[in-house]
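Shown below: my_file.pdb, with PDB, C-alpha atoms and all ligand atoms.
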```pdb
ATOM      1  CA  MET A  23       6.926  26.799 -25.241  1.00  0.00           C
ATOM      2  CA  PHE A  24       7.541  29.054 -22.265  1.00  0.00           C
ATOM      3  CA  ASN A  25       5.865  32.228 -21.172  1.00  0.00           C
ATOM      4  CA  ILE A  26       8.608  33.973 -19.154  1.00  0.00           C
ATOM      5  CA  ILE A  27       7.918  36.630 -16.510  1.00  0.00           C
ATOM      6  CA  ILE A  28      10.925  38.401 -14.977  1.00  0.00           C
ATOM      7  CA  THR A  29      10.287  40.451 -11.832  1.00  0.00           C
ATOM      8  CA  GLU A  30      12.344  42.468  -9.346  1.00  0.00           C
ATOM      9  CA  ASN A  31      12.143  40.213  -6.324  1.00  0.00           C
ATOM     10  CA  TYR A  32      10.792  37.118  -4.543  1.00  0.00           C
ATOM     11  CA  ASP A  33       7.597  38.843  -3.418  1.00  0.00           C
ATOM     12  CA  LEU A  34       6.710  39.864  -6.976  1.00  0.00           C
ATOM     13  CA  VAL A  35       7.394  36.298  -8.164  1.00  0.00           C
ATOM     14  CA  ALA A  36       4.870  35.151  -5.551  1.00  0.00           C
ATOM     15  CA  SER A  37       2.357  37.808  -6.683  1.00  0.00           C
ATOM     16  CA  GLU A  38       2.563  36.718 -10.323  1.00  0.00           C
ATOM     17  CA  ALA A  39       2.168  33.081  -9.300  1.00  0.00           C
ATOM     18  CA  PHE A  40      -0.798  33.944  -7.085  1.00  0.00           C
ATOM     19  CA  ARG A  41      -2.541  35.750  -9.963  1.00  0.00           C
ATOM     20  CA  ILE A  42      -2.457  32.504 -11.968  1.00  0.00           C
ATOM     21  CA  MET A  43      -3.375  30.366  -8.940  1.00  0.00           C
ATOM     22  CA  LYS A  44      -6.389  32.519  -8.106  1.00  0.00           C
ATOM     23  CA  SER A  45      -7.792  32.221 -11.616  1.00  0.00           C
ATOM     24  CA  VAL A  46      -7.576  28.416 -11.304  1.00  0.00           C
ATOM     25  CA  VAL A  47      -8.872  27.916  -7.743  1.00  0.00           C
ATOM     26  CA  THR A  48     -11.977  30.014  -8.262  1.00  0.00           C
ATOM     27  CA  LYS A  49     -13.311  27.834 -11.088  1.00  0.00           C
ATOM     28  CA  GLY A  50     -15.166  24.506 -10.697  1.00  0.00           C
ATOM     29  CA  GLU A  51     -13.385  21.695  -8.871  1.00  0.00           C
ATOM     30  CA  PRO A  52      -9.719  22.532  -9.352  1.00  0.00           C
ATOM     31  CA  VAL A  53      -6.950  19.980  -9.086  1.00  0.00           C
ATOM     32  CA  LEU A  54      -3.609  21.407  -7.942  1.00  0.00           C
ATOM     33  CA  GLY A  55      -0.158  19.843  -8.172  1.00  0.00           C
ATOM     34  CA  LEU A  56       1.910  21.253  -5.314  1.00  0.00           C
ATOM     35  CA  ALA A  57       5.599  21.596  -4.555  1.00  0.00           C
ATOM     36  CA  THR A  58       7.684  22.072  -1.431  1.00  0.00           C
ATOM     37  CA  GLY A  59      10.891  24.076  -1.021  1.00  0.00           C
ATOM     38  CA  SER A  60      11.454  27.754  -0.379  1.00  0.00           C
ATOM     39  CA  SER A  61      10.310  28.884  -3.845  1.00  0.00           C
ATOM     40  CA  PRO A  62       6.525  28.416  -3.406  1.00  0.00           C
ATOM     41  CA  ILE A  63       6.272  29.626   0.234  1.00  0.00           C
ATOM     42  CA  GLY A  64       5.472  33.228  -0.825  1.00  0.00           C
ATOM     43  CA  LEU A  65       2.708  31.963  -3.106  1.00  0.00           C
ATOM     44  CA  TYR A  66       1.289  29.818  -0.304  1.00  0.00           C
ATOM     45  CA  LYS A  67       1.306  32.820   2.088  1.00  0.00           C
ATOM     46  CA  LYS A  68      -0.679  34.824  -0.461  1.00  0.00           C
ATOM     47  CA  MET A  69      -3.216  31.999  -0.841  1.00  0.00           C
ATOM     48  CA  ILE A  70      -3.767  31.938   2.925  1.00  0.00           C
ATOM     49  CA  ALA A  71      -3.966  35.755   3.133  1.00  0.00           C
ATOM     50  CA  ASP A  72      -6.497  35.775   0.298  1.00  0.00           C
ATOM     51  CA  ARG A  73      -8.627  33.169   2.051  1.00  0.00           C
ATOM     52  CA  ASN A  74      -8.493  35.163   5.300  1.00  0.00           C
ATOM     53  CA  THR A  75      -9.292  38.484   3.600  1.00  0.00           C
ATOM     54  CA  ASN A  76     -11.665  37.471   0.829  1.00  0.00           C
ATOM     55  CA  GLY A  77     -13.041  34.167   2.087  1.00  0.00           C
ATOM     56  CA  THR A  78     -11.882  32.275  -1.012  1.00  0.00           C
ATOM     57  CA  SER A  79     -13.005  28.699  -0.447  1.00  0.00           C
ATOM     58  CA  TYR A  80     -10.821  25.651  -1.058  1.00  0.00           C
ATOM     59  CA  LYS A  81     -13.514  23.114  -0.182  1.00  0.00           C
ATOM     60  CA  LYS A  82     -13.655  21.763  -3.707  1.00  0.00           C
ATOM     61  CA  VAL A  83      -9.899  21.786  -4.288  1.00  0.00           C
ATOM     62  CA  VAL A  84      -8.031  18.503  -4.703  1.00  0.00           C
ATOM     63  CA  THR A  85      -4.238  18.460  -4.315  1.00  0.00           C
ATOM     64  CA  TYR A  86      -1.392  16.140  -5.233  1.00  0.00           C
ATOM     65  CA  ASN A  87       2.116  16.734  -3.934  1.00  0.00           C
ATOM     66  CA  LEU A  88       5.154  16.026  -6.025  1.00  0.00           C
ATOM     67  CA  ASP A  89       7.369  14.169  -3.613  1.00  0.00           C
ATOM     68  CA  GLU A  90       8.350  13.065  -0.124  1.00  0.00           C
ATOM     69  CA  TYR A  91      11.550  11.964   1.610  1.00  0.00           C
ATOM     70  CA  ILE A  92      12.008   8.284   2.348  1.00  0.00           C
ATOM     71  CA  GLY A  93      13.268   7.240   5.759  1.00  0.00           C
ATOM     72  CA  ILE A  94      11.708   9.891   7.967  1.00  0.00           C
ATOM     73  CA  PRO A  95       8.260   9.576   9.549  1.00  0.00           C
ATOM     74  CA  ARG A  96       5.321  11.681   8.352  1.00  0.00           C
ATOM     75  CA  ASP A  97       5.372  13.784  11.507  1.00  0.00           C
ATOM     76  CA  HIS A  98       9.114  14.575  11.211  1.00  0.00           C
ATOM     77  CA  ASP A  99       9.576  18.354  11.191  1.00  0.00           C
ATOM     78  CA  GLN A 100      11.257  18.184   7.747  1.00  0.00           C
ATOM     79  CA  SER A 101       8.832  15.785   6.064  1.00  0.00           C
ATOM     80  CA  TYR A 102       6.980  17.284   3.131  1.00  0.00           C
ATOM     81  CA  TRP A 103       3.721  16.266   4.860  1.00  0.00           C
ATOM     82  CA  THR A 104       4.673  18.570   7.750  1.00  0.00           C
ATOM     83  CA  PHE A 105       5.903  21.285   5.373  1.00  0.00           C
ATOM     84  CA  MET A 106       2.642  21.343   3.441  1.00  0.00           C
ATOM     85  CA  HIS A 107       0.457  21.435   6.526  1.00  0.00           C
ATOM     86  CA  GLU A 108       2.524  24.166   8.190  1.00  0.00           C
ATOM     87  CA  ASN A 109       2.948  26.328   5.107  1.00  0.00           C
ATOM     88  CA  LEU A 110      -0.377  25.859   3.353  1.00  0.00           C
ATOM     89  CA  PHE A 111      -2.993  23.321   4.366  1.00  0.00           C
ATOM     90  CA  ASP A 112      -3.451  24.477   7.990  1.00  0.00           C
ATOM     91  CA  GLY A 113      -4.413  27.911   6.634  1.00  0.00           C
ATOM     92  CA  LEU A 114      -6.932  26.706   4.040  1.00  0.00           C
ATOM     93  CA  ASN A 115     -10.108  24.630   4.168  1.00  0.00           C
ATOM     94  CA  ILE A 116      -9.195  21.795   1.798  1.00  0.00           C
ATOM     95  CA  PRO A 117     -10.869  18.587   3.065  1.00  0.00           C
ATOM     96  CA  GLU A 118      -8.079  16.270   4.342  1.00  0.00           C
ATOM     97  CA  ALA A 119      -9.448  13.494   2.069  1.00  0.00           C
ATOM     98  CA  ASN A 120      -8.706  15.693  -0.968  1.00  0.00           C
ATOM     99  CA  ILE A 121      -5.029  16.044  -0.042  1.00  0.00           C
ATOM    100  CA  HIS A 122      -2.608  13.536  -1.575  1.00  0.00           C
ATOM    101  CA  ILE A 123       1.033  13.329  -0.505  1.00  0.00           C
ATOM    102  CA  PRO A 124       3.096  10.250  -1.339  1.00  0.00           C
ATOM    103  CA  ARG A 125       4.195   8.286   1.724  1.00  0.00           C
ATOM    104  CA  GLY A 126       7.916   7.960   2.300  1.00  0.00           C
ATOM    105  CA  ASP A 127       7.340   5.697   5.278  1.00  0.00           C
ATOM    106  CA  ALA A 128       5.327   2.970   3.526  1.00  0.00           C
ATOM    107  CA  GLU A 129       6.410  -0.596   4.208  1.00  0.00           C
ATOM    108  CA  ASP A 130       6.301  -1.463   0.535  1.00  0.00           C
ATOM    109  CA  MET A 131       7.588   1.507  -1.462  1.00  0.00           C
ATOM    110  CA  GLU A 132       7.001  -0.154  -4.856  1.00  0.00           C
ATOM    111  CA  GLU A 133       3.338  -0.571  -3.940  1.00  0.00           C
ATOM    112  CA  GLU A 134       3.186   3.042  -2.698  1.00  0.00           C
ATOM    113  CA  CYS A 135       4.575   4.269  -6.065  1.00  0.00           C
ATOM    114  CA  ARG A 136       2.050   2.200  -7.980  1.00  0.00           C
ATOM    115  CA  SER A 137      -0.916   3.309  -5.898  1.00  0.00           C
ATOM    116  CA  TYR A 138       0.115   7.007  -5.932  1.00  0.00           C
ATOM    117  CA  GLU A 139       0.410   6.954  -9.709  1.00  0.00           C
ATOM    118  CA  GLU A 140      -2.998   5.261  -9.898  1.00  0.00           C
ATOM    119  CA  LYS A 141      -4.524   8.048  -7.772  1.00  0.00           C
ATOM    120  CA  LEU A 142      -2.876  10.637 -10.031  1.00  0.00           C
ATOM    121  CA  GLN A 143      -4.350   8.996 -13.114  1.00  0.00           C
ATOM    122  CA  GLU A 144      -7.869   9.458 -11.719  1.00  0.00           C
ATOM    123  CA  ARG A 145      -7.708  13.188 -12.442  1.00  0.00           C
ATOM    124  CA  VAL A 146      -5.911  15.760 -14.559  1.00  0.00           C
ATOM    125  CA  ILE A 147      -3.959  18.424 -12.675  1.00  0.00           C
ATOM    126  CA  ASP A 148      -5.227  21.880 -13.680  1.00  0.00           C
ATOM    127  CA  LEU A 149      -2.229  23.780 -12.312  1.00  0.00           C
ATOM    128  CA  GLN A 150       1.103  22.228 -11.358  1.00  0.00           C
ATOM    129  CA  VAL A 151       3.404  24.385  -9.205  1.00  0.00           C
ATOM    130  CA  LEU A 152       7.111  23.628  -9.616  1.00  0.00           C
ATOM    131  CA  GLY A 153      10.363  24.863  -8.156  1.00  0.00           C
ATOM    132  CA  ILE A 154      13.629  23.847  -9.777  1.00  0.00           C
ATOM    133  CA  GLY A 155      16.712  22.326  -8.150  1.00  0.00           C
ATOM    134  CA  SER A 156      20.103  23.877  -8.834  1.00  0.00           C
ATOM    135  CA  ASP A 157      20.896  20.655 -10.769  1.00  0.00           C
ATOM    136  CA  GLY A 158      17.766  21.102 -12.926  1.00  0.00           C
ATOM    137  CA  HIS A 159      15.580  18.652 -11.014  1.00  0.00           C
ATOM    138  CA  ILE A 160      11.812  19.048 -10.799  1.00  0.00           C
ATOM    139  CA  GLY A 161      10.041  17.220  -8.006  1.00  0.00           C
ATOM    140  CA  PHE A 162      12.877  14.876  -7.069  1.00  0.00           C
ATOM    141  CA  ASN A 163      13.559  13.829 -10.665  1.00  0.00           C
ATOM    142  CA  GLU A 164      17.312  14.063 -10.625  1.00  0.00           C
ATOM    143  CA  PRO A 165      19.552  14.304 -13.727  1.00  0.00           C
ATOM    144  CA  GLY A 166      19.375  11.057 -15.703  1.00  0.00           C
ATOM    145  CA  THR A 167      15.704  10.361 -14.902  1.00  0.00           C
ATOM    146  CA  PRO A 168      13.948   9.054 -18.026  1.00  0.00           C
ATOM    147  CA  PHE A 169      11.460  11.464 -19.584  1.00  0.00           C
ATOM    148  CA  ASP A 170       8.809   8.717 -19.575  1.00  0.00           C
ATOM    149  CA  SER A 171       9.089   8.097 -15.825  1.00  0.00           C
ATOM    150  CA  VAL A 172       6.028   7.868 -13.577  1.00  0.00           C
ATOM    151  CA  THR A 173       5.980   7.866  -9.748  1.00  0.00           C
ATOM    152  CA  HIS A 174       9.142   6.159  -8.522  1.00  0.00           C
ATOM    153  CA  VAL A 175      11.779   5.914  -5.812  1.00  0.00           C
ATOM    154  CA  THR A 176      14.873   7.970  -6.488  1.00  0.00           C
ATOM    155  CA  GLU A 177      18.290   8.452  -4.960  1.00  0.00           C
ATOM    156  CA  LEU A 178      19.072  12.080  -4.182  1.00  0.00           C
ATOM    157  CA  THR A 179      22.246  13.563  -5.658  1.00  0.00           C
ATOM    158  CA  GLN A 180      25.000  14.996  -3.473  1.00  0.00           C
ATOM    159  CA  GLN A 181      24.109  18.414  -4.885  1.00  0.00           C
ATOM    160  CA  THR A 182      20.465  18.111  -3.762  1.00  0.00           C
ATOM    161  CA  ARG A 183      21.407  16.754  -0.356  1.00  0.00           C
ATOM    162  CA  SER A 184      23.857  19.587   0.165  1.00  0.00           C
ATOM    163  CA  ASP A 185      21.288  22.183  -1.073  1.00  0.00           C
ATOM    164  CA  ASN A 186      18.725  20.798   1.374  1.00  0.00           C
ATOM    165  CA  ALA A 187      21.118  20.388   4.322  1.00  0.00           C
ATOM    166  CA  ARG A 188      20.070  23.881   5.452  1.00  0.00           C
ATOM    167  CA  PHE A 189      16.773  22.369   6.580  1.00  0.00           C
ATOM    168  CA  PHE A 190      18.560  19.611   8.536  1.00  0.00           C
ATOM    169  CA  ASP A 191      20.736  21.696  10.896  1.00  0.00           C
ATOM    170  CA  GLY A 192      23.195  22.241   8.021  1.00  0.00           C
ATOM    171  CA  ASP A 193      24.188  18.565   8.289  1.00  0.00           C
ATOM    172  CA  ILE A 194      24.188  16.697   4.946  1.00  0.00           C
ATOM    173  CA  GLU A 195      24.347  13.381   6.839  1.00  0.00           C
ATOM    174  CA  LYS A 196      20.865  14.058   8.235  1.00  0.00           C
ATOM    175  CA  VAL A 197      19.344  14.611   4.757  1.00  0.00           C
ATOM    176  CA  PRO A 198      17.590  11.443   3.573  1.00  0.00           C
ATOM    177  CA  GLU A 199      19.295   9.614   0.710  1.00  0.00           C
ATOM    178  CA  LYS A 200      16.128   8.607  -1.088  1.00  0.00           C
ATOM    179  CA  ALA A 201      12.737  10.028  -1.961  1.00  0.00           C
ATOM    180  CA  ILE A 202       9.509   9.104  -3.715  1.00  0.00           C
ATOM    181  CA  THR A 203       8.585  11.453  -6.539  1.00  0.00           C
ATOM    182  CA  MET A 204       6.047  11.894  -9.283  1.00  0.00           C
ATOM    183  CA  GLY A 205       7.829  11.118 -12.545  1.00  0.00           C
ATOM    184  CA  LEU A 206       8.504  13.471 -15.433  1.00  0.00           C
ATOM    185  CA  ALA A 207       5.687  11.944 -17.488  1.00  0.00           C
ATOM    186  CA  SER A 208       3.333  12.327 -14.487  1.00  0.00           C
ATOM    187  CA  ILE A 209       4.211  16.044 -14.297  1.00  0.00           C
ATOM    188  CA  MET A 210       3.811  16.595 -18.055  1.00  0.00           C
ATOM    189  CA  ARG A 211       0.147  15.518 -17.931  1.00  0.00           C
ATOM    190  CA  ALA A 212      -0.814  18.748 -16.109  1.00  0.00           C
ATOM    191  CA  ARG A 213      -2.893  21.216 -18.125  1.00  0.00           C
ATOM    192  CA  GLN A 214      -0.869  24.183 -16.961  1.00  0.00           C
ATOM    193  CA  ILE A 215       2.468  24.515 -15.152  1.00  0.00           C
ATOM    194  CA  ILE A 216       4.160  27.377 -13.310  1.00  0.00           C
ATOM    195  CA  VAL A 217       7.868  27.225 -12.457  1.00  0.00           C
ATOM    196  CA  LEU A 218       9.101  29.575  -9.722  1.00  0.00           C
ATOM    197  CA  ALA A 219      12.796  30.364  -9.303  1.00  0.00           C
ATOM    198  CA  THR A 220      14.742  33.104  -7.560  1.00  0.00           C
ATOM    199  CA  GLY A 221      18.394  33.769  -6.845  1.00  0.00           C
ATOM    200  CA  ALA A 222      21.647  33.383  -8.727  1.00  0.00           C
ATOM    201  CA  SER A 223      22.053  29.741  -7.662  1.00  0.00           C
ATOM    202  CA  LYS A 224      19.165  28.870 -10.010  1.00  0.00           C
ATOM    203  CA  ALA A 225      20.470  30.775 -13.066  1.00  0.00           C
ATOM    204  CA  ASP A 226      22.226  27.768 -14.676  1.00  0.00           C
ATOM    205  CA  ALA A 227      19.275  25.422 -14.110  1.00  0.00           C
ATOM    206  CA  VAL A 228      16.845  28.013 -15.504  1.00  0.00           C
ATOM    207  CA  TYR A 229      19.069  28.453 -18.549  1.00  0.00           C
ATOM    208  CA  GLY A 230      19.224  24.677 -19.036  1.00  0.00           C
ATOM    209  CA  MET A 231      15.449  24.350 -18.749  1.00  0.00           C
ATOM    210  CA  ILE A 232      14.688  27.063 -21.294  1.00  0.00           C
ATOM    211  CA  LYS A 233      17.658  27.379 -23.643  1.00  0.00           C
ATOM    212  CA  GLY A 234      19.679  24.243 -23.098  1.00  0.00           C
ATOM    213  CA  PRO A 235      19.431  21.180 -25.282  1.00  0.00           C
ATOM    214  CA  GLN A 236      16.529  18.975 -24.268  1.00  0.00           C
ATOM    215  CA  SER A 237      18.255  16.274 -22.307  1.00  0.00           C
ATOM    216  CA  GLU A 238      17.714  13.956 -19.374  1.00  0.00           C
ATOM    217  CA  GLU A 239      20.797  15.616 -17.866  1.00  0.00           C
ATOM    218  CA  CYS A 240      18.550  18.613 -17.200  1.00  0.00           C
ATOM    219  CA  PRO A 241      15.201  17.082 -16.171  1.00  0.00           C
ATOM    220  CA  ALA A 242      13.400  20.468 -16.328  1.00  0.00           C
ATOM    221  CA  SER A 243      14.217  20.703 -20.047  1.00  0.00           C
ATOM    222  CA  ILE A 244      11.347  18.251 -20.642  1.00  0.00           C
ATOM    223  CA  LEU A 245       9.085  21.271 -20.092  1.00  0.00           C
ATOM    224  CA  GLN A 246      10.191  22.601 -23.516  1.00  0.00           C
ATOM    225  CA  ASP A 247       7.614  20.148 -24.892  1.00  0.00           C
ATOM    226  CA  HIS A 248       4.708  21.337 -22.729  1.00  0.00           C
ATOM    227  CA  SER A 249       2.214  23.729 -24.318  1.00  0.00           C
ATOM    228  CA  HIS A 250       1.365  25.857 -21.272  1.00  0.00           C
ATOM    229  CA  VAL A 251       4.282  26.680 -18.954  1.00  0.00           C
ATOM    230  CA  THR A 252       4.829  30.039 -17.252  1.00  0.00           C
ATOM    231  CA  VAL A 253       8.280  30.556 -15.733  1.00  0.00           C
ATOM    232  CA  ILE A 254       8.337  33.284 -13.080  1.00  0.00           C
ATOM    233  CA  LEU A 255      11.792  34.543 -12.141  1.00  0.00           C
ATOM    234  CA  ASP A 256      13.607  37.287 -10.340  1.00  0.00           C
ATOM    235  CA  LYS A 257      16.448  39.034 -12.185  1.00  0.00           C
ATOM    236  CA  ALA A 258      19.173  36.883 -10.622  1.00  0.00           C
ATOM    237  CA  ALA A 259      17.549  33.614 -11.678  1.00  0.00           C
ATOM    238  CA  ALA A 260      17.014  35.079 -15.172  1.00  0.00           C
ATOM    239  CA  SER A 261      20.551  36.407 -15.477  1.00  0.00           C
ATOM    240  CA  ARG A 262      21.757  33.833 -18.030  1.00  0.00           C
ATOM    241  CA  LEU A 263      18.766  34.102 -20.379  1.00  0.00           C
TER     242      LEU A 263
HETATM  243  C1  LIG A 301      13.560  20.369  -3.500  1.00  0.00           C
HETATM  244  C2  LIG A 301      12.195  19.783  -3.930  1.00  0.00           C
HETATM  245  C3  LIG A 301      11.742  20.368  -5.238  1.00  0.00           C
HETATM  246  C4  LIG A 301      12.040  21.850  -5.175  1.00  0.00           C
HETATM  247  C5  LIG A 301      13.513  22.081  -5.272  1.00  0.00           C
HETATM  248  C6  LIG A 301      13.954  23.514  -5.098  1.00  0.00           C
HETATM  249  O1  LIG A 301      14.515  19.463  -3.171  1.00  0.00           O
HETATM  250  N1  LIG A 301      12.082  18.373  -3.999  1.00  0.00           N
HETATM  251  O2  LIG A 301      10.375  20.092  -5.453  1.00  0.00           O
HETATM  252  O3  LIG A 301      11.432  22.500  -6.265  1.00  0.00           O
HETATM  253  O4  LIG A 301      14.215  21.190  -4.448  1.00  0.00           O
HETATM  254  O5  LIG A 301      13.892  23.933  -3.767  1.00  0.00           O
HETATM  255  P1  LIG A 301      13.902  25.439  -3.340  1.00  0.00           P
HETATM  256  O6  LIG A 301      12.640  26.044  -3.808  1.00  0.00           O
HETATM  257  O7  LIG A 301      13.988  25.419  -1.825  1.00  0.00           O
HETATM  258  O8  LIG A 301      15.091  26.067  -3.954  1.00  0.00           O
END
```
What is this file in structure tokens?
Amino acid sequence: MFNIIITENYDLVASEAFRIMKSVVTKGEPVLGLATGSSPIGLYKKMIADRNTNGTSYKKVVTYNLDEYIGIPRDHDQSYWTFMHENLFDGLNIPEANIHIPRGDAEDMEEECRSYEEKLQERVIDLQVLGIGSDGHIGFNEPGTPFDSVTHVTELTQQTRSDNARFFDGDIEKVPEKAITMGLASIMRARQIIVLATGASKADAVYGMIKGPQSEECPASILQDHSHVTVILDKAAASRL
């Protein structure tokens, strides 16, 4: 079941997401599931601004990231490790030991998948932040990923590589071909999920997630079975609903 919020623009999407985030991070020892991509950047900016203005502490926060590219080092400027530090972690006071990001540069990727999933199983994510790919992927769970998948290595689709080429000098050849990602079953264990999407290029994927048949062809459609999902959209992303 989805709670759907449709707003005028990207900034208002971020504001709605921040409202939910703030209610989670100010209680107890929150566990956050975090995403990369352009969709959550506005939310992350508001979290940092709130910490700077109101002194909101993140000392007790634990985070798990969804995914990471395989084949580029951690300190590569387009790794998700770098993205998260530049866009969020450097502006907050989360202890480094509480931050979990899967390694795409591990020698044994099967072992990395197993140990990341094991770390995930130690806790329950209170709030999972998700973007959605134009092909309906969440994390890097591309179309065809089984609904019962846990952390695994995945091959990126042409569509995803071409969508993400803008971060690699517009050159699809520079976009890694593989990634490590939390699985769909790993994501579904979260207590609460927010999905952020803006722009017309997301309208079909948003439609598939909410109104389409539940199918592995649209990985985000698994969320139809989750009891607490809020989808926050601008008008363009909501245009097919
Ligand atoms: C990326 C990430 C996803 C993200 C999605 C949408 O490839 N792996 O976690 O949600 O694609 O990205 P964006 O928000 O930039 O549109």
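Using only C-alpha atoms and all ligand atoms as the basis for the distance check, residues found within 8 Å of ligand LIG 301 (chain A) are Ala57, Thr58, Gly59, Ser60, Ser61, Pro62, Leu88, Asp89, Glu90, Leu152, Gly153, Ile154, Gly155, Ser156, His159, Ile160, Gly161, Phe162, Thr182, Arg183, Asp185, Asn186, Leu218, Ala219, Thr220 and Lys224 of chain A.
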What does the file look like for those residues with C-alpha atoms, as a compact mmCIF listing (two decimals), in the coordinates of the input?
```
# COMPACT_ATOMS: atom_id res chain seq x y z
CA ALA A 57 5.60 21.60 -4.56
CA THR A 58 7.68 22.07 -1.43
CA GLY A 59 10.89 24.08 -1.02
CA SER A 60 11.45 27.75 -0.38
CA SER A 61 10.31 28.88 -3.84
CA PRO A 62 6.52 28.42 -3.41
CA LEU A 88 5.15 16.03 -6.02
CA ASP A 89 7.37 14.17 -3.61
CA GLU A 90 8.35 13.06 -0.12
CA LEU A 152 7.11 23.63 -9.62
CA GLY A 153 10.36 24.86 -8.16
CA ILE A 154 13.63 23.85 -9.78
CA GLY A 155 16.71 22.33 -8.15
CA SER A 156 20.10 23.88 -8.83
CA HIS A 159 15.58 18.65 -11.01
CA ILE A 160 11.81 19.05 -10.80
CA GLY A 161 10.04 17.22 -8.01
CA PHE A 162 12.88 14.88 -7.07
CA THR A 182 20.46 18.11 -3.76
CA ARG A 183 21.41 16.75 -0.36
CA ASP A 185 21.29 22.18 -1.07
CA ASN A 186 18.73 20.80 1.37
CA LEU A 218 9.10 29.58 -9.72
CA ALA A 219 12.80 30.36 -9.30
CA THR A 220 14.74 33.10 -7.56
CA LYS A 224 19.16 28.87 -10.01
```
- Item | For Lys44 of chain A, the nearest of the candidates A:Ser79, A:Ser137, A:Ser101, A:Asn115, counting only C-alpha atoms | A:Ser79
- Query: In Å, with one decimal, what is the gap from atom CA of Glu239 of chain A to atom CA of Ala222 of chain A?
  - Reply: 20.0 Å
- Task: Could you state which residues are captured by the PyMOL selection byres (((chain A and resi 38) around 12) and not hetatm) in this file, as JSON, numbers by chain?
- Result: {"A": [26, 27, 28, 29, 30, 31, 32, 33, 34, 35, 36, 37, 39, 40, 41, 42, 43, 44, 45, 62, 64, 65, 68, 216, 217, 218, 252, 253, 254, 255, 256]}
Could you tell me, as a short mmCIF file (atom, residue, chain, number, x, y, z; two decimals) with C-alpha atoms, in the frame of the given file, exactly which residues end up selected when the PyMOL selection byres (((chain A and resi 198-210) around 7) and not hetatm) is applied to this structure?
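Below is the file that was written, out_25.cif:
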```
data_model
loop_
_atom_site.label_atom_id
_atom_site.label_comp_id
_atom_site.auth_asym_id
_atom_site.auth_seq_id
_atom_site.Cartn_x
_atom_site.Cartn_y
_atom_site.Cartn_z
CA LEU A 88 5.15 16.03 -6.02
CA ASP A 89 7.37 14.17 -3.61
CA GLU A 90 8.35 13.06 -0.12
CA TYR A 91 11.55 11.96 1.61
CA ILE A 92 12.01 8.28 2.35
CA GLY A 93 13.27 7.24 5.76
CA PRO A 124 3.10 10.25 -1.34
CA GLY A 126 7.92 7.96 2.30
CA GLY A 161 10.04 17.22 -8.01
CA PHE A 162 12.88 14.88 -7.07
CA ASN A 163 13.56 13.83 -10.66
CA PHE A 169 11.46 11.46 -19.58
CA ASP A 170 8.81 8.72 -19.58
CA SER A 171 9.09 8.10 -15.82
CA VAL A 172 6.03 7.87 -13.58
CA THR A 173 5.98 7.87 -9.75
CA HIS A 174 9.14 6.16 -8.52
CA VAL A 175 11.78 5.91 -5.81
CA THR A 176 14.87 7.97 -6.49
CA GLU A 177 18.29 8.45 -4.96
CA LEU A 178 19.07 12.08 -4.18
CA LYS A 196 20.86 14.06 8.24
CA VAL A 197 19.34 14.61 4.76
CA ARG A 211 0.15 15.52 -17.93
CA ALA A 212 -0.81 18.75 -16.11
CA HIS A 248 4.71 21.34 -22.73
#
```
- Message: Which residues would end up in the selection if the PyMOL selection byres (((chain A and resi 262) around 8) and not hetatm) were applied here, given that I need the answer as an MDAnalysis selection string?
- Response: chainID A and resid 225:226 229 259:261 263
Dump as a PDB file, in the frame of the given file, selection limited to C-alpha atoms:
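Result file follows (out_5.pdb):
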```pdb
ATOM      1  CA  ALA A 225      20.470  30.775 -13.066  1.00  0.00           C
ATOM      2  CA  ASP A 226      22.226  27.768 -14.676  1.00  0.00           C
ATOM      3  CA  TYR A 229      19.069  28.453 -18.549  1.00  0.00           C
ATOM      4  CA  ALA A 259      17.549  33.614 -11.678  1.00  0.00           C
ATOM      5  CA  ALA A 260      17.014  35.079 -15.172  1.00  0.00           C
ATOM      6  CA  SER A 261      20.551  36.407 -15.477  1.00  0.00           C
ATOM      7  CA  LEU A 263      18.766  34.102 -20.379  1.00  0.00           C
TER       8      LEU A 263
END
```
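We find atom CA of Glu129 of chain A and atom CA of Thr167 of chain A to be spaced 23.9 Å apart.
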- Task: Just give me the gap between atom CA of Lys141 of chain A and atom CA of Glu51 of chain A in Å, one decimal is fine.
- Result: 16.3 Å
- Name the residues in contact with Phe111 of chain A at a cut-off of 12 Å, using all atoms listed in the file, excluding same-chain residues fewer than 4 positions from it; report them as a PyMOL selection string. chain A and resi 56+63+66-67+69-70+73+80-81+83-85+87+102-107+115-123
- Message: Quick one: residues within 8 Å of Pro52 of chain A, all atoms listed in the file, excluding same-chain residues fewer than 4 positions away - as number ranges by chain?
- Response: A: 46-48, 82-84, 147-148
- Query: Between A:Leu114, A:Asp247, A:Glu144, A:Leu149, which is the closest to Lys49 of chain A once you count only C-alpha atoms?
  - Reply: A:Leu149
- Determine, counting only C-alpha atoms, which protein, DNA and RNA residues have an atom within 10 Å of an atom of Gln246 of chain A; residues of the same chain fewer than 2 positions away are not included. Present the result as a list of chain:residue names.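 Result of the neighbour search: A:Met23, A:Phe24, A:Met231, A:Ile232, A:Lys233, A:Gly234, A:Pro235, A:Gln236, A:Ala242, A:Ser243, A:Ile244, A:His248, A:Ser249, A:His250, A:Val251.
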- Item | Residue nearest Leu110 of chain A among A:Pro95, A:Glu139, A:Asp193, A:Ala71 (counting all atoms listed in the file) |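 Smallest separation from Leu110 of chain A among the options: A:Ala71.
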